[in-house]
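> I'm passing along my_file.pdb; it holds PDB, C-alpha atoms and all ligand atoms.
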```
MODEL        1
ATOM      1  CA  MET A   1      10.830   9.504  -3.610  1.00  0.00           C
ATOM      2  CA  ASN A   2       7.074  10.192  -3.592  1.00  0.00           C
ATOM      3  CA  ILE A   3       5.677  12.874  -1.301  1.00  0.00           C
ATOM      4  CA  LEU A   4       1.966  12.983  -0.538  1.00  0.00           C
ATOM      5  CA  GLN A   5       0.796  16.277   0.980  1.00  0.00           C
ATOM      6  CA  ILE A   6      -2.642  16.507   2.565  1.00  0.00           C
ATOM      7  CA  ASN A   7      -4.016  19.962   3.351  1.00  0.00           C
ATOM      8  CA  ALA A   8      -6.942  20.112   5.750  1.00  0.00           C
ATOM      9  CA  SER A   9      -7.643  23.800   6.340  1.00  0.00           C
ATOM     10  CA  ILE A  10     -10.972  25.392   5.448  1.00  0.00           C
ATOM     11  CA  GLN A  11      -9.324  28.813   5.265  1.00  0.00           C
ATOM     12  CA  GLY A  12      -7.979  28.583   1.710  1.00  0.00           C
ATOM     13  CA  GLU A  13      -5.228  31.045   0.858  1.00  0.00           C
ATOM     14  CA  ASN A  14      -5.197  32.384   4.429  1.00  0.00           C
ATOM     15  CA  SER A  15      -4.405  29.013   5.947  1.00  0.00           C
ATOM     16  CA  HIS A  16      -1.384  28.871   8.212  1.00  0.00           C
ATOM     17  CA  SER A  17      -1.282  25.063   8.275  1.00  0.00           C
ATOM     18  CA  THR A  18      -1.228  24.915   4.474  1.00  0.00           C
ATOM     19  CA  HIS A  19       1.658  27.387   4.425  1.00  0.00           C
ATOM     20  CA  ILE A  20       3.493  25.264   6.996  1.00  0.00           C
ATOM     21  CA  ALA A  21       2.830  22.045   5.047  1.00  0.00           C
ATOM     22  CA  ASN A  22       3.966  23.780   1.824  1.00  0.00           C
ATOM     23  CA  ASP A  23       7.158  24.908   3.537  1.00  0.00           C
ATOM     24  CA  ILE A  24       7.831  21.391   4.852  1.00  0.00           C
ATOM     25  CA  THR A  25       7.380  20.013   1.333  1.00  0.00           C
ATOM     26  CA  THR A  26       9.605  22.720  -0.129  1.00  0.00           C
ATOM     27  CA  ARG A  27      12.308  21.808   2.373  1.00  0.00           C
ATOM     28  CA  LEU A  28      11.979  18.090   1.534  1.00  0.00           C
ATOM     29  CA  ARG A  29      12.155  18.818  -2.191  1.00  0.00           C
ATOM     30  CA  ALA A  30      15.293  20.905  -1.657  1.00  0.00           C
ATOM     31  CA  LEU A  31      16.831  17.901   0.107  1.00  0.00           C
ATOM     32  CA  HIS A  32      15.481  15.467  -2.520  1.00  0.00           C
ATOM     33  CA  PRO A  33      15.261  17.310  -5.862  1.00  0.00           C
ATOM     34  CA  ASP A  34      13.862  14.262  -7.669  1.00  0.00           C
ATOM     35  CA  ALA A  35      10.926  13.890  -5.279  1.00  0.00           C
ATOM     36  CA  LYS A  36       7.487  13.731  -6.882  1.00  0.00           C
ATOM     37  CA  LEU A  37       4.619  15.517  -5.166  1.00  0.00           C
ATOM     38  CA  THR A  38       0.977  14.502  -4.978  1.00  0.00           C
ATOM     39  CA  LEU A  39      -1.279  17.079  -3.371  1.00  0.00           C
ATOM     40  CA  ARG A  40      -4.743  16.489  -1.929  1.00  0.00           C
ATOM     41  CA  ASP A  41      -6.695  19.319  -0.338  1.00  0.00           C
ATOM     42  CA  VAL A  42      -9.433  17.770   1.776  1.00  0.00           C
ATOM     43  CA  GLY A  43     -10.260  21.191   3.246  1.00  0.00           C
ATOM     44  CA  SER A  44     -11.621  22.441  -0.065  1.00  0.00           C
ATOM     45  CA  GLU A  45     -12.575  19.034  -1.491  1.00  0.00           C
ATOM     46  CA  PRO A  46     -13.591  16.773   1.414  1.00  0.00           C
ATOM     47  CA  LEU A  47     -14.022  13.066   0.860  1.00  0.00           C
ATOM     48  CA  PRO A  48     -17.591  11.846   1.309  1.00  0.00           C
ATOM     49  CA  VAL A  49     -18.350  10.962   4.927  1.00  0.00           C
ATOM     50  CA  LEU A  50     -18.586   7.244   5.662  1.00  0.00           C
ATOM     51  CA  ASP A  51     -22.299   6.434   5.797  1.00  0.00           C
ATOM     52  CA  PRO A  52     -24.449   3.302   5.417  1.00  0.00           C
ATOM     53  CA  SER A  53     -24.213   3.283   1.619  1.00  0.00           C
ATOM     54  CA  ALA A  54     -20.428   3.725   1.753  1.00  0.00           C
ATOM     55  CA  LEU A  55     -20.117   0.788   4.152  1.00  0.00           C
ATOM     56  CA  ALA A  56     -22.446  -1.342   2.004  1.00  0.00           C
ATOM     57  CA  ALA A  57     -20.257  -0.600  -1.022  1.00  0.00           C
ATOM     58  CA  LEU A  58     -16.999  -1.317   0.814  1.00  0.00           C
ATOM     59  CA  PHE A  59     -18.284  -4.540   2.391  1.00  0.00           C
ATOM     60  CA  THR A  60     -19.550  -5.891  -0.942  1.00  0.00           C
ATOM     61  CA  PRO A  61     -16.911  -7.893  -2.864  1.00  0.00           C
ATOM     62  CA  ALA A  62     -15.625  -5.827  -5.811  1.00  0.00           C
ATOM     63  CA  ASP A  63     -17.068  -8.205  -8.431  1.00  0.00           C
ATOM     64  CA  LYS A  64     -20.533  -8.079  -6.842  1.00  0.00           C
ATOM     65  CA  ARG A  65     -20.870  -4.274  -6.530  1.00  0.00           C
ATOM     66  CA  THR A  66     -23.514  -2.334  -8.418  1.00  0.00           C
ATOM     67  CA  PRO A  67     -22.098   0.439 -10.667  1.00  0.00           C
ATOM     68  CA  GLU A  68     -23.083   2.954  -7.952  1.00  0.00           C
ATOM     69  CA  GLN A  69     -21.304   0.921  -5.277  1.00  0.00           C
ATOM     70  CA  ALA A  70     -18.204   0.573  -7.476  1.00  0.00           C
ATOM     71  CA  ALA A  71     -18.115   4.358  -7.934  1.00  0.00           C
ATOM     72  CA  ARG A  72     -18.561   4.900  -4.206  1.00  0.00           C
ATOM     73  CA  ALA A  73     -15.785   2.474  -3.245  1.00  0.00           C
ATOM     74  CA  ALA A  74     -13.462   4.066  -5.821  1.00  0.00           C
ATOM     75  CA  GLN A  75     -13.752   7.399  -4.015  1.00  0.00           C
ATOM     76  CA  TYR A  76     -11.940   5.776  -1.101  1.00  0.00           C
ATOM     77  CA  ASP A  77      -9.653   3.514  -3.168  1.00  0.00           C
ATOM     78  CA  VAL A  78      -7.940   6.526  -4.759  1.00  0.00           C
ATOM     79  CA  PRO A  79      -6.686   8.133  -1.508  1.00  0.00           C
ATOM     80  CA  ILE A  80      -5.522   4.704  -0.294  1.00  0.00           C
ATOM     81  CA  ALA A  81      -3.529   4.182  -3.499  1.00  0.00           C
ATOM     82  CA  GLU A  82      -2.003   7.650  -3.138  1.00  0.00           C
ATOM     83  CA  LEU A  83      -0.875   6.842   0.381  1.00  0.00           C
ATOM     84  CA  GLN A  84       0.411   3.374  -0.484  1.00  0.00           C
ATOM     85  CA  ALA A  85       2.556   4.958  -3.222  1.00  0.00           C
ATOM     86  CA  ALA A  86       3.979   7.632  -0.900  1.00  0.00           C
ATOM     87  CA  ASP A  87       7.354   7.370   0.815  1.00  0.00           C
ATOM     88  CA  VAL A  88       6.710  10.563   2.730  1.00  0.00           C
ATOM     89  CA  LEU A  89       3.425  11.967   4.019  1.00  0.00           C
ATOM     90  CA  VAL A  90       3.057  15.662   4.873  1.00  0.00           C
ATOM     91  CA  LEU A  91      -0.064  16.701   6.756  1.00  0.00           C
ATOM     92  CA  GLY A  92      -1.191  20.317   7.167  1.00  0.00           C
ATOM     93  CA  VAL A  93      -3.323  20.236  10.309  1.00  0.00           C
ATOM     94  CA  PRO A  94      -5.237  23.203  11.721  1.00  0.00           C
ATOM     95  CA  MET A  95      -6.736  23.089  15.186  1.00  0.00           C
ATOM     96  CA  TYR A  96     -10.506  23.533  15.098  1.00  0.00           C
ATOM     97  CA  ASN A  97     -12.359  23.296  18.397  1.00  0.00           C
ATOM     98  CA  LEU A  98      -9.482  21.530  20.124  1.00  0.00           C
ATOM     99  CA  ALA A  99      -9.386  18.769  17.528  1.00  0.00           C
ATOM    100  CA  ILE A 100      -8.328  17.890  14.006  1.00  0.00           C
ATOM    101  CA  PRO A 101     -10.664  19.169  11.267  1.00  0.00           C
ATOM    102  CA  VAL A 102     -13.547  16.891  10.366  1.00  0.00           C
ATOM    103  CA  GLN A 103     -12.203  16.894   6.792  1.00  0.00           C
ATOM    104  CA  LEU A 104      -8.944  15.301   7.979  1.00  0.00           C
ATOM    105  CA  LYS A 105     -10.909  12.745  10.003  1.00  0.00           C
ATOM    106  CA  GLY A 106     -12.800  11.990   6.790  1.00  0.00           C
ATOM    107  CA  TRP A 107      -9.489  11.297   5.017  1.00  0.00           C
ATOM    108  CA  ILE A 108      -8.376   9.078   7.923  1.00  0.00           C
ATOM    109  CA  ASP A 109     -11.690   7.194   7.729  1.00  0.00           C
ATOM    110  CA  ALA A 110     -11.134   6.772   3.995  1.00  0.00           C
ATOM    111  CA  ILE A 111      -7.618   5.368   4.256  1.00  0.00           C
ATOM    112  CA  SER A 112      -8.169   3.127   7.307  1.00  0.00           C
ATOM    113  CA  ARG A 113      -9.354  -0.134   5.783  1.00  0.00           C
ATOM    114  CA  ALA A 114      -9.041  -3.560   7.416  1.00  0.00           C
ATOM    115  CA  GLY A 115      -7.173  -6.015   5.233  1.00  0.00           C
ATOM    116  CA  VAL A 116      -5.671  -3.197   3.153  1.00  0.00           C
ATOM    117  CA  THR A 117      -3.963  -0.581   5.342  1.00  0.00           C
ATOM    118  CA  PHE A 118      -4.094  -2.589   8.580  1.00  0.00           C
ATOM    119  CA  ARG A 119      -5.046  -6.119   9.515  1.00  0.00           C
ATOM    120  CA  TYR A 120      -6.128  -8.026  12.572  1.00  0.00           C
ATOM    121  CA  THR A 121      -3.821 -10.871  13.575  1.00  0.00           C
ATOM    122  CA  ALA A 122      -3.871 -13.419  16.401  1.00  0.00           C
ATOM    123  CA  THR A 123      -1.611 -11.089  18.358  1.00  0.00           C
ATOM    124  CA  GLY A 124      -3.562  -7.901  17.653  1.00  0.00           C
ATOM    125  CA  PRO A 125      -3.849  -5.299  14.913  1.00  0.00           C
ATOM    126  CA  GLU A 126      -0.960  -4.732  12.539  1.00  0.00           C
ATOM    127  CA  GLY A 127      -0.387  -1.614  10.427  1.00  0.00           C
ATOM    128  CA  LEU A 128       0.408  -2.268   6.782  1.00  0.00           C
ATOM    129  CA  LEU A 129       1.583   1.231   5.791  1.00  0.00           C
ATOM    130  CA  THR A 130       5.137   0.697   6.991  1.00  0.00           C
ATOM    131  CA  GLY A 131       8.386   2.318   5.898  1.00  0.00           C
ATOM    132  CA  LYS A 132       6.967   5.827   5.532  1.00  0.00           C
ATOM    133  CA  LYS A 133       8.107   9.059   7.099  1.00  0.00           C
ATOM    134  CA  VAL A 134       5.401  11.481   8.244  1.00  0.00           C
ATOM    135  CA  TYR A 135       5.638  15.219   8.862  1.00  0.00           C
ATOM    136  CA  VAL A 136       2.749  17.003  10.545  1.00  0.00           C
ATOM    137  CA  GLY A 137       2.502  20.797  10.421  1.00  0.00           C
ATOM    138  CA  PHE A 138       0.146  22.162  13.053  1.00  0.00           C
ATOM    139  CA  SER A 139      -1.384  25.641  13.186  1.00  0.00           C
ATOM    140  CA  ARG A 140      -3.221  26.766  16.258  1.00  0.00           C
ATOM    141  CA  GLY A 141      -4.741  30.003  17.484  1.00  0.00           C
ATOM    142  CA  GLY A 142      -3.465  29.442  21.026  1.00  0.00           C
ATOM    143  CA  PHE A 143      -0.787  27.430  22.798  1.00  0.00           C
ATOM    144  CA  TYR A 144      -1.280  23.725  23.521  1.00  0.00           C
ATOM    145  CA  ARG A 145       2.019  21.959  22.854  1.00  0.00           C
ATOM    146  CA  ASP A 146       2.917  19.532  25.660  1.00  0.00           C
ATOM    147  CA  THR A 147      -0.328  20.227  27.541  1.00  0.00           C
ATOM    148  CA  PRO A 148      -3.329  17.928  28.116  1.00  0.00           C
ATOM    149  CA  LEU A 149      -5.393  20.183  25.816  1.00  0.00           C
ATOM    150  CA  ASP A 150      -3.327  19.049  22.823  1.00  0.00           C
ATOM    151  CA  THR A 151      -5.629  16.281  21.633  1.00  0.00           C
ATOM    152  CA  GLN A 152      -4.143  16.372  18.146  1.00  0.00           C
ATOM    153  CA  THR A 153      -0.617  15.088  18.769  1.00  0.00           C
ATOM    154  CA  PRO A 154      -1.617  11.950  20.722  1.00  0.00           C
ATOM    155  CA  TYR A 155      -4.485  11.103  18.371  1.00  0.00           C
ATOM    156  CA  LEU A 156      -2.359  11.420  15.247  1.00  0.00           C
ATOM    157  CA  LYS A 157       0.453   9.416  16.852  1.00  0.00           C
ATOM    158  CA  VAL A 158      -1.993   6.644  17.722  1.00  0.00           C
ATOM    159  CA  ILE A 159      -3.861   6.432  14.420  1.00  0.00           C
ATOM    160  CA  LEU A 160      -0.771   6.816  12.223  1.00  0.00           C
ATOM    161  CA  GLY A 161       1.023   4.209  14.355  1.00  0.00           C
ATOM    162  CA  PHE A 162      -1.985   1.894  14.137  1.00  0.00           C
ATOM    163  CA  LEU A 163      -1.641   2.033  10.353  1.00  0.00           C
ATOM    164  CA  GLY A 164       2.106   1.334  10.531  1.00  0.00           C
ATOM    165  CA  MET A 165       3.427   4.889  10.297  1.00  0.00           C
ATOM    166  CA  THR A 166       5.508   5.232  13.440  1.00  0.00           C
ATOM    167  CA  ASP A 167       8.173   7.676  12.207  1.00  0.00           C
ATOM    168  CA  VAL A 168       6.279  10.931  12.743  1.00  0.00           C
ATOM    169  CA  GLN A 169       7.779  14.392  13.188  1.00  0.00           C
ATOM    170  CA  PHE A 170       5.657  17.319  14.330  1.00  0.00           C
ATOM    171  CA  VAL A 171       6.129  21.003  13.475  1.00  0.00           C
ATOM    172  CA  TYR A 172       4.200  23.328  15.777  1.00  0.00           C
ATOM    173  CA  GLY A 173       2.836  26.723  14.749  1.00  0.00           C
ATOM    174  CA  GLU A 174       1.106  28.189  17.764  1.00  0.00           C
ATOM    175  CA  GLY A 175      -0.366  31.560  18.742  1.00  0.00           C
ATOM    176  CA  PHE A 176      -1.814  32.561  15.377  1.00  0.00           C
ATOM    177  CA  ALA A 177      -4.841  34.151  17.081  1.00  0.00           C
ATOM    178  CA  MET A 178      -2.782  36.115  19.621  1.00  0.00           C
ATOM    179  CA  GLY A 179      -1.939  39.254  17.647  1.00  0.00           C
ATOM    180  CA  ASP A 180       0.641  40.353  15.086  1.00  0.00           C
ATOM    181  CA  GLU A 181       3.688  39.909  17.270  1.00  0.00           C
ATOM    182  CA  ALA A 182       2.630  36.384  18.257  1.00  0.00           C
ATOM    183  CA  VAL A 183       2.092  35.557  14.578  1.00  0.00           C
ATOM    184  CA  ARG A 184       5.588  36.771  13.676  1.00  0.00           C
ATOM    185  CA  LYS A 185       7.025  34.727  16.556  1.00  0.00           C
ATOM    186  CA  ALA A 186       5.059  31.639  15.491  1.00  0.00           C
ATOM    187  CA  GLU A 187       6.267  31.993  11.906  1.00  0.00           C
ATOM    188  CA  ALA A 188       9.881  32.330  13.052  1.00  0.00           C
ATOM    189  CA  GLU A 189       9.566  29.270  15.280  1.00  0.00           C
ATOM    190  CA  VAL A 190       8.041  27.277  12.437  1.00  0.00           C
ATOM    191  CA  ARG A 191      10.880  28.348  10.145  1.00  0.00           C
ATOM    192  CA  THR A 192      13.456  27.154  12.704  1.00  0.00           C
ATOM    193  CA  GLN A 193      11.724  23.791  13.070  1.00  0.00           C
ATOM    194  CA  ILE A 194      11.511  23.284   9.304  1.00  0.00           C
ATOM    195  CA  GLU A 195      15.125  24.308   8.677  1.00  0.00           C
ATOM    196  CA  ALA A 196      16.128  21.628  11.199  1.00  0.00           C
ATOM    197  CA  LEU A 197      14.328  18.864   9.276  1.00  0.00           C
ATOM    198  CA  LYS A 198      16.809  16.328   7.993  1.00  0.00           C
ATOM    199  CA  GLY A 199      14.487  14.823   5.376  1.00  0.00           C
TER     200      GLY A 199
HETATM  201  C1  LIG B 201     -13.708  26.848  13.282  1.00  0.00           C
HETATM  202  C2  LIG B 201     -12.458  27.237  14.014  1.00  0.00           C
HETATM  203  C3  LIG B 201     -12.204  26.697  15.254  1.00  0.00           C
HETATM  204  C4  LIG B 201     -11.037  27.026  15.930  1.00  0.00           C
HETATM  205  N1  LIG B 201     -10.780  26.451  17.137  1.00  0.00           N
HETATM  206  C5  LIG B 201      -9.622  26.726  17.772  1.00  0.00           C
HETATM  207  C6  LIG B 201      -9.296  26.105  19.004  1.00  0.00           C
HETATM  208  O1  LIG B 201     -10.025  25.287  19.534  1.00  0.00           O
HETATM  209  N2  LIG B 201      -8.123  26.426  19.595  1.00  0.00           N
HETATM  210  C7  LIG B 201      -7.250  27.305  19.019  1.00  0.00           C
HETATM  211  O2  LIG B 201      -6.194  27.554  19.592  1.00  0.00           O
HETATM  212  N3  LIG B 201      -7.525  27.906  17.867  1.00  0.00           N
HETATM  213  C8  LIG B 201      -8.683  27.625  17.224  1.00  0.00           C
HETATM  214  N4  LIG B 201      -8.949  28.220  16.019  1.00  0.00           N
HETATM  215  C9  LIG B 201      -7.908  29.053  15.398  1.00  0.00           C
HETATM  216  C10 LIG B 201      -7.120  28.190  14.434  1.00  0.00           C
HETATM  217  O3  LIG B 201      -6.487  27.138  15.098  1.00  0.00           O
HETATM  218  C11 LIG B 201      -6.104  29.045  13.702  1.00  0.00           C
HETATM  219  O4  LIG B 201      -6.813  29.991  12.910  1.00  0.00           O
HETATM  220  C12 LIG B 201      -5.232  28.197  12.803  1.00  0.00           C
HETATM  221  O5  LIG B 201      -4.377  29.039  12.070  1.00  0.00           O
HETATM  222  C13 LIG B 201      -6.098  27.365  11.869  1.00  0.00           C
HETATM  223  O6  LIG B 201      -5.333  26.756  10.861  1.00  0.00           O
HETATM  224  P1  LIG B 201      -5.515  27.223   9.353  1.00  0.00           P
HETATM  225  O7  LIG B 201      -5.061  28.679   9.329  1.00  0.00           O
HETATM  226  O8  LIG B 201      -4.625  26.343   8.588  1.00  0.00           O
HETATM  227  O9  LIG B 201      -6.958  27.069   8.978  1.00  0.00           O
HETATM  228  C14 LIG B 201     -10.110  27.925  15.355  1.00  0.00           C
HETATM  229  C15 LIG B 201     -10.382  28.463  14.082  1.00  0.00           C
HETATM  230  C16 LIG B 201     -11.545  28.126  13.419  1.00  0.00           C
HETATM  231  C17 LIG B 201     -11.791  28.702  12.044  1.00  0.00           C
ENDMDL
END
```
Can the structure from this file be put into structure tokens for me?
Ligand SMILES: Cc1cc2nc3c(=O)[nH]c(=O)nc-3n(C[C@H](O)[C@H](O)[C@H](O)COP(=O)(O)O)c2cc1C

Amino acid sequence: MNILQINASIQGENSHSTHIANDITTRLRALHPDAKLTLRDVGSEPLPVLDPSALAALFTPADKRTPEQAARAAQYDVPIAELQAADVLVLGVPMYNLAIPVQLKGWIDAISRAGVTFRYTATGPEGLLTGKKVYVGFSRGGFYRDTPLDTQTPYLKVILGFLGMTDVQFVYGEGFAMGDEAVRKAEAEVRTQIEALKG
């Protein structure tokens, strides 16, 4: 079993979402001791933002690319290959300004490629990244779960589903900006959710 863990926090060692994602992965590895882990930290090493030169490189057939375009396209080919090889995806997702971090959006932009990770058919789009299990570990300063202000859960459900990943389980860490007691409570609730994961 191959696990791909994506960390998206910009808070390094102090990141709650990275701790949650690490704990999810630890739990999965306890359940599947042979699992191999690939780690990508887009918070500290963001992928280059899609821009006109990136699109020009990606829309040029591989055998017609300049060396610069080949290098540019490869920056996005690598994260796609990592995801294609994964059986399980673990995302560490902080809430920044009511949304997912721009660095995670950059990873999503990198791995969403028509004809490769999804395709358009006569009956509509079809995700090609099927058969994967996804775990999302959220960390939030406040409380948003099951409210209209939680933009993260519906967006991730939609985009992951669009790409074929429909088996998604969410772990919520909420209240990290609400004082020490709230942090302890959040950590305990996260622990309970992770211990309940069946892998
Ligand atoms: C730039 C920034 C924006 C934030 N915006 C929000 C927000 O909109 N709502 C919220 O509840 N907490 C917000 N927070 C608090 C974070 O959600 C909280 O610190 C969480 O633990 C972040 O995850 P991380 O520790 O993995 O980075 C924000 C924090 C930062 C640094």
> For the point (8.2, 2.1, 12.5) in file coordinates, what residues are within 10 Å, counting all atoms listed in the file? Give the answer as a PyMOL selection string?
chain A and resi 127+129-133+161+164-168
> I need the residues from that last selection saved to file as a CSV table (one decimal), in the frame of the given file (with C-alpha atoms), if you can.

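And here's out-v9.csv as it stands now:
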```
chain,number,residue,atom,x,y,z
A,127,GLY,CA,-0.4,-1.6,10.4
A,129,LEU,CA,1.6,1.2,5.8
A,130,THR,CA,5.1,0.7,7.0
A,131,GLY,CA,8.4,2.3,5.9
A,132,LYS,CA,7.0,5.8,5.5
A,133,LYS,CA,8.1,9.1,7.1
A,161,GLY,CA,1.0,4.2,14.4
A,164,GLY,CA,2.1,1.3,10.5
A,165,MET,CA,3.4,4.9,10.3
A,166,THR,CA,5.5,5.2,13.4
A,167,ASP,CA,8.2,7.7,12.2
A,168,VAL,CA,6.3,10.9,12.7
```
> What are the closest atom pairs, with distances in Å to one decimal, for all residues of chain A lying within 6 Å of ligand LIG 201 (chain B)? Consider all atoms listed in the file, order rows by chain and residue number, and present the result as a tab-separated table.

```
residue	atom	partner	partner_atom	distance
A:Ser9	CA	B:LIG201	O9	4.3
A:Ile10	CA	B:LIG201	O9	5.6
A:Gln11	CA	B:LIG201	O9	4.7
A:Ser15	CA	B:LIG201	O7	3.5
A:His16	CA	B:LIG201	O7	3.8
A:Ser17	CA	B:LIG201	O8	3.6
A:Thr18	CA	B:LIG201	O8	5.5
A:Pro94	CA	B:LIG201	O6	3.7
A:Met95	CA	B:LIG201	O3	4.1
A:Tyr96	CA	B:LIG201	N1	3.6
A:Asn97	CA	B:LIG201	O1	3.3
A:Leu98	CA	B:LIG201	O1	3.8
A:Ser139	CA	B:LIG201	C12	4.6
A:Arg140	CA	B:LIG201	O3	3.5
A:Gly141	CA	B:LIG201	N3	3.5
A:Gly142	CA	B:LIG201	O2	3.6
A:Phe176	CA	B:LIG201	O5	5.5
```
> Restrict the selected residues to C-alpha atoms and save them as a compact mmCIF listing (two decimals), in the coordinates of the input.

```
# COMPACT_ATOMS: atom_id res chain seq x y z
CA SER A 9 -7.64 23.80 6.34
CA ILE A 10 -10.97 25.39 5.45
CA GLN A 11 -9.32 28.81 5.26
CA SER A 15 -4.40 29.01 5.95
CA HIS A 16 -1.38 28.87 8.21
CA SER A 17 -1.28 25.06 8.28
CA THR A 18 -1.23 24.92 4.47
CA PRO A 94 -5.24 23.20 11.72
CA MET A 95 -6.74 23.09 15.19
CA TYR A 96 -10.51 23.53 15.10
CA ASN A 97 -12.36 23.30 18.40
CA LEU A 98 -9.48 21.53 20.12
CA SER A 139 -1.38 25.64 13.19
CA ARG A 140 -3.22 26.77 16.26
CA GLY A 141 -4.74 30.00 17.48
CA GLY A 142 -3.46 29.44 21.03
CA PHE A 176 -1.81 32.56 15.38
```
> Which residues would end up in the selection if the PyMOL selection byres (((chain A and resi 192) around 12) and not hetatm) were applied here, given that I need the answer as a PDB file with C-alpha atoms, keeping the file's coordinate frame?

```pdb
ATOM      1  CA  ILE A  20       3.493  25.264   6.996  1.00  0.00           C
ATOM      2  CA  ASP A  23       7.158  24.908   3.537  1.00  0.00           C
ATOM      3  CA  ILE A  24       7.831  21.391   4.852  1.00  0.00           C
ATOM      4  CA  ARG A  27      12.308  21.808   2.373  1.00  0.00           C
ATOM      5  CA  VAL A 171       6.129  21.003  13.475  1.00  0.00           C
ATOM      6  CA  TYR A 172       4.200  23.328  15.777  1.00  0.00           C
ATOM      7  CA  GLY A 173       2.836  26.723  14.749  1.00  0.00           C
ATOM      8  CA  LYS A 185       7.025  34.727  16.556  1.00  0.00           C
ATOM      9  CA  ALA A 186       5.059  31.639  15.491  1.00  0.00           C
ATOM     10  CA  GLU A 187       6.267  31.993  11.906  1.00  0.00           C
ATOM     11  CA  ALA A 188       9.881  32.330  13.052  1.00  0.00           C
ATOM     12  CA  GLU A 189       9.566  29.270  15.280  1.00  0.00           C
ATOM     13  CA  VAL A 190       8.041  27.277  12.437  1.00  0.00           C
ATOM     14  CA  ARG A 191      10.880  28.348  10.145  1.00  0.00           C
ATOM     15  CA  GLN A 193      11.724  23.791  13.070  1.00  0.00           C
ATOM     16  CA  ILE A 194      11.511  23.284   9.304  1.00  0.00           C
ATOM     17  CA  GLU A 195      15.125  24.308   8.677  1.00  0.00           C
ATOM     18  CA  ALA A 196      16.128  21.628  11.199  1.00  0.00           C
ATOM     19  CA  LEU A 197      14.328  18.864   9.276  1.00  0.00           C
TER      20      LEU A 197
END
```
> Hey, can you check how far CA of Gly179 (chain A) sits from CA of Leu156 (chain A)?
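Computed distance, CA of Gly179 (chain A) to CA of Leu156 (chain A), equals 27.9 Å.
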> Tell me which protein, DNA and RNA residues are within 12 Å of Glu13 (chain A), counting only C-alpha atoms, leaving out same-chain ones fewer than 6 positions away, and put them as a PyMOL selection string.
chain A and resi 7+19+22+41+43-44
> I need the residue set behind the PyMOL selection byres (((chain A and resi 73) around 10) and not hetatm) for this file; please write it as a PyMOL selection string.
chain A and resi 53-60+62+65+67-72+74-78+110
> Hey, what comes out of the PyMOL selection byres (((chain A and resi 136) around 8) and not hetatm) on this file? Could you write it as a PyMOL selection string?
chain A and resi 21+90-93+134-135+137-138+168-171
> Which value, in Å to one decimal, gives the distance between CA of Asp63 (chain A) and CA of Val116 (chain A)?
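Computing the Euclidean distance for CA of Asp63 (chain A) and CA of Val116 (chain A) yields 17.0 Å.
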> Nearest to Ala81 (chain A): which of A:Ala182, A:Leu149, A:Ala35, A:Leu4 is it, counting all atoms listed in the file?
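Using all atoms listed in the file, Ala81 (chain A) sits closest to A:Leu4.
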> I need the residue nearest Thr26 (chain A) from this list: A:Thr123, A:Tyr144, A:Gly12, A:Gln5. Use only C-alpha atoms for the distance.
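Between A:Thr123, A:Tyr144, A:Gly12, A:Gln5, the residue approaching Thr26 (chain A) most closely is A:Gln5.
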> What does the distance from CA of Val49 (chain A) to CA of Gly106 (chain A) come to in Å, to one decimal?
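Separating CA of Val49 (chain A) from CA of Gly106 (chain A) is a distance of 5.9 Å.
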> Please give the centre and size of the box around region 4-11 of chain A (axis-aligned, containing every atom listed in the file, 8 Å added per side), with values in Å to one decimal and written as JSON.

```
{"center_x": -4.5, "center_y": 20.9, "center_z": 2.9, "size_x": 28.9, "size_y": 31.8, "size_z": 22.9}
```
> Under the rule that all atoms listed in the file are counted, which of A:Leu163, A:Met178, A:Leu83, A:Leu39 is the nearest residue to Gly115 (chain A)?
A:Leu163
> Nearest to Ala177 (chain A) among A:Phe143, A:Arg40, A:Leu128, A:Ala86, with distances taken over all atoms listed in the file: which residue is it?
A:Phe143
> Using all atoms listed in the file, can you tell me which of A:Gly199, A:Pro61, A:Pro79, A:Pro101 comes closest to Thr38 (chain A)?
A:Pro79
> Determine the nearest neighbour of Leu50 (chain A) from the options A:Tyr120, A:Glu181, A:Val158, A:Ile111, counting all atoms listed in the file.
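Closest candidate: A:Ile111.
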